[in-house]
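In what follows, a single structure is set out as structure tokens and then discussed.
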Amino acid sequence: MKQQDVLIIGGGAAGFFAAINIAEQNPQLSITILEKAKEGLQKVKISGGGRCNVTHAEFMPSELTQNYPRGEKELLGPFHQFMTGDTIEWFEKRGVELKIEEDGRMFPVSNSSQTIIDCFLNETKARGINVQYSQNVSNIEVKDGDTGFLISTKNETYQCEKLVIATGSSVKFWKLLEGLGHSVVQPVPSLFTFDIQDKRIQDIPGVVALDVSVSVLDTDLYSEGPLLITHVGMSAPAILKLSAFGALELAKRDYKFQIEINFIKQTPEDCLVQLKELKQQLAKKTVYKSAQLELPKRLWRKLVLASEISETDRWADLNKQQLDDLANQLTKAVFQVTGKSTFKDEFVTAGGVDLKEINFKTFESRIHKNLYFAGEVLNIDAVTGGFNFQNAWTGGFVVAKSISN
């Protein structure tokens with residue numbers, strides 16, 4: 001049996017971050033990370049298309065929390081302990097410089113997730129942290145009187161005083177935690193794209209409408225931002241935000257629902273006024289070929305055809321009905337969603353250990369002393385843009401502080 005002061009189950013972002021910070025704050029402690037795969041930090045590797053979207057340039061805790069459909073209230077306190085500015089400083093101290101992109105996402109200047117992985121591996125090595133791969137935990141036992149834990153893998157038994165769970169969205173592991181008396185909110189997908197079969201978006205994948213508003217009909221779900229038309233439907237922040245904040249509601253509907261899109265963020269009335277002006281100004285031009293209102297040309301053409309306007313109709317020829325139809329297509333186009341697709345490889349779920357069972361001053365279990373949680377194993381998830389990693393860094397840091405003291 002191997003005896004350790006601190007055992008961390010899960011060799012992902014939160015697990016490594018917790019380990020490194022514990023070792024830095026209390027070098028006397030012996031620390032082991034157990035990771036079930038042959039290598040760790042897999043999500044770090046693929047995040048942001050292999051560039052690793054480390055965090056997001058949002059520096060007010062109350063603003064930052066608004067990007068977490070689940071966890072908004074609970075993370076406010078922890079973000080006062082460690083948030084974006086601290087993350088930037090932490091990496092800079094270790095020679096990793098971050099840069100801010102136009103949309104607020106932050107990446108290593110190297111544009112490679114390997115920079116972050118190398119940083120973590122160098123730190124664990126330098127601080128004598130033991131990382132064990134291919135260690136699939138099969139059982140966790142709380143020792144009598146809550147004095148520590150026994151952890152079994154296929155070929156090893158470990159004993160520790162402090163246990164950190166950083167296993168991410170693992171249904172198998174949630175079952176083990178239920179065995180310890182914790183409640184688990186059942187997982188549903190959180191970041192996903194919408195499957196839509198509609199002739200208005202057929203054959204135009206790759207087209208981006210830069211600033212739209214989208215709402216789910218018969219709900220109060222609403223979002224704004226860029227919208228990308230894909231081979232199977234729609235994606236980009238306007239859709240992904242809806243998928244995150246609507247995760248539970250959309251799962252209930254079995255991912256079959258209607259959305260209404262305002263492509264130009266104007267009222268139908270204001271749009272109609274503009275179209276009537278265009279009818280005067282562009283009288284001799286064909287409507288189909290003269291894209292307006294800053295819409296991509298290919299999308300404009302699809303919406304024109306959907307308004308019963310032919311490819312040869314000139315602006316001067318448009319009747320009242322056609323103008324009304326075009327205004328409606330531009331400002332309140334309804335699309336039927338028939339299903340969902342995973343967003344890239346960054347599979348995120350809503351679900352995990354019930355937040356009521358965690359003390360968010362320390363990230364310690366309210367059920368078992370010396371049992372800590374960090375990252376997506378908890379029922380916390382975020383919209384896309386570096387926010388899920390920020391939750392991992394914050395949780396890992398607060399856990400480290402609690403254990404080191």
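By convention here, the chains of the structure tokens are called A, B, ... in the order presented, each chain's residues are numbered starting at 1, and ligands are numbered starting at 1 in the order presented.
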
DSSP helix (DSSP H, G or I) residues within segment 101-213 of chain A, listed as a VMD selection string: chain A and resid 113 to 126 144 to 146 171 to 179

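Excluding Tyr158 of chain A itself and any same-chain residue fewer than 3 positions from it, the protein and nucleic acid residues within 9 Å of it, counting only C-alpha atoms, are Met1, Lys2, Gln3, Gln4, Leu7, Phe149, Leu150, Ile151, Ser152 and Thr153 of chain A.
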
Contacts of segment 46-60 of chain A at 6 Å or less, counting only C-alpha atoms, minus same-chain residues fewer than 2 places along, as a VMD selection string? chain A and resid 43 to 44 62 to 64 104 to 107 111 to 113 386 to 387 390

Save out the residues we just selected, N, CA and C atoms, as a PDB file, in the first residue's frame.
```pdb
ATOM      1  N   LYS A  43      -7.802  17.293 -22.531  1.00  0.00           N
ATOM      2  CA  LYS A  43      -8.693  18.382 -22.912  1.00  0.00           C
ATOM      3  C   LYS A  43      -7.906  19.665 -23.183  1.00  0.00           C
ATOM      4  N   VAL A  44      -6.829  19.835 -22.407  1.00  0.00           N
ATOM      5  CA  VAL A  44      -5.941  20.989 -22.630  1.00  0.00           C
ATOM      6  C   VAL A  44      -5.370  20.899 -24.050  1.00  0.00           C
ATOM      7  N   SER A  62     -18.091  39.637 -10.818  1.00  0.00           N
ATOM      8  CA  SER A  62     -19.551  39.586 -11.042  1.00  0.00           C
ATOM      9  C   SER A  62     -19.891  39.447 -12.529  1.00  0.00           C
ATOM     10  N   GLU A  63     -19.048  40.018 -13.398  1.00  0.00           N
ATOM     11  CA  GLU A  63     -19.257  39.879 -14.849  1.00  0.00           C
ATOM     12  C   GLU A  63     -18.846  38.473 -15.301  1.00  0.00           C
ATOM     13  N   LEU A  64     -17.728  38.004 -14.759  1.00  0.00           N
ATOM     14  CA  LEU A  64     -17.213  36.684 -15.135  1.00  0.00           C
ATOM     15  C   LEU A  64     -18.223  35.582 -14.819  1.00  0.00           C
ATOM     16  N   GLY A 104     -11.972  38.372 -26.934  1.00  0.00           N
ATOM     17  CA  GLY A 104     -11.737  38.259 -25.494  1.00  0.00           C
ATOM     18  C   GLY A 104     -11.095  36.945 -25.073  1.00  0.00           C
ATOM     19  N   ARG A 105     -11.050  35.957 -25.975  1.00  0.00           N
ATOM     20  CA  ARG A 105     -10.419  34.683 -25.613  1.00  0.00           C
ATOM     21  C   ARG A 105      -8.914  34.887 -25.448  1.00  0.00           C
ATOM     22  N   MET A 106      -8.311  34.135 -24.515  1.00  0.00           N
ATOM     23  CA  MET A 106      -6.874  34.263 -24.266  1.00  0.00           C
ATOM     24  C   MET A 106      -6.157  32.949 -24.550  1.00  0.00           C
ATOM     25  N   PHE A 107      -5.056  33.061 -25.281  1.00  0.00           N
ATOM     26  CA  PHE A 107      -4.266  31.902 -25.686  1.00  0.00           C
ATOM     27  C   PHE A 107      -2.798  32.143 -25.347  1.00  0.00           C
ATOM     28  N   ASN A 111       0.583  30.029 -29.505  1.00  0.00           N
ATOM     29  CA  ASN A 111      -0.541  29.439 -30.254  1.00  0.00           C
ATOM     30  C   ASN A 111      -0.536  27.911 -30.205  1.00  0.00           C
ATOM     31  N   SER A 112       0.076  27.351 -29.157  1.00  0.00           N
ATOM     32  CA  SER A 112       0.120  25.885 -29.049  1.00  0.00           C
ATOM     33  C   SER A 112      -0.219  25.437 -27.637  1.00  0.00           C
ATOM     34  N   SER A 113      -1.156  24.485 -27.543  1.00  0.00           N
ATOM     35  CA  SER A 113      -1.527  23.955 -26.230  1.00  0.00           C
ATOM     36  C   SER A 113      -0.358  23.204 -25.592  1.00  0.00           C
ATOM     37  N   GLY A 386     -13.060  29.886 -22.908  1.00  0.00           N
ATOM     38  CA  GLY A 386     -12.017  29.844 -21.869  1.00  0.00           C
ATOM     39  C   GLY A 386     -12.565  29.814 -20.460  1.00  0.00           C
ATOM     40  N   PHE A 387     -13.889  29.858 -20.322  1.00  0.00           N
ATOM     41  CA  PHE A 387     -14.500  29.949 -18.988  1.00  0.00           C
ATOM     42  C   PHE A 387     -14.441  28.628 -18.227  1.00  0.00           C
ATOM     43  N   GLN A 390     -11.100  28.493 -16.699  1.00  0.00           N
ATOM     44  CA  GLN A 390     -10.965  29.408 -15.552  1.00  0.00           C
ATOM     45  C   GLN A 390     -11.580  28.791 -14.295  1.00  0.00           C
TER      46      GLN A 390
END
```
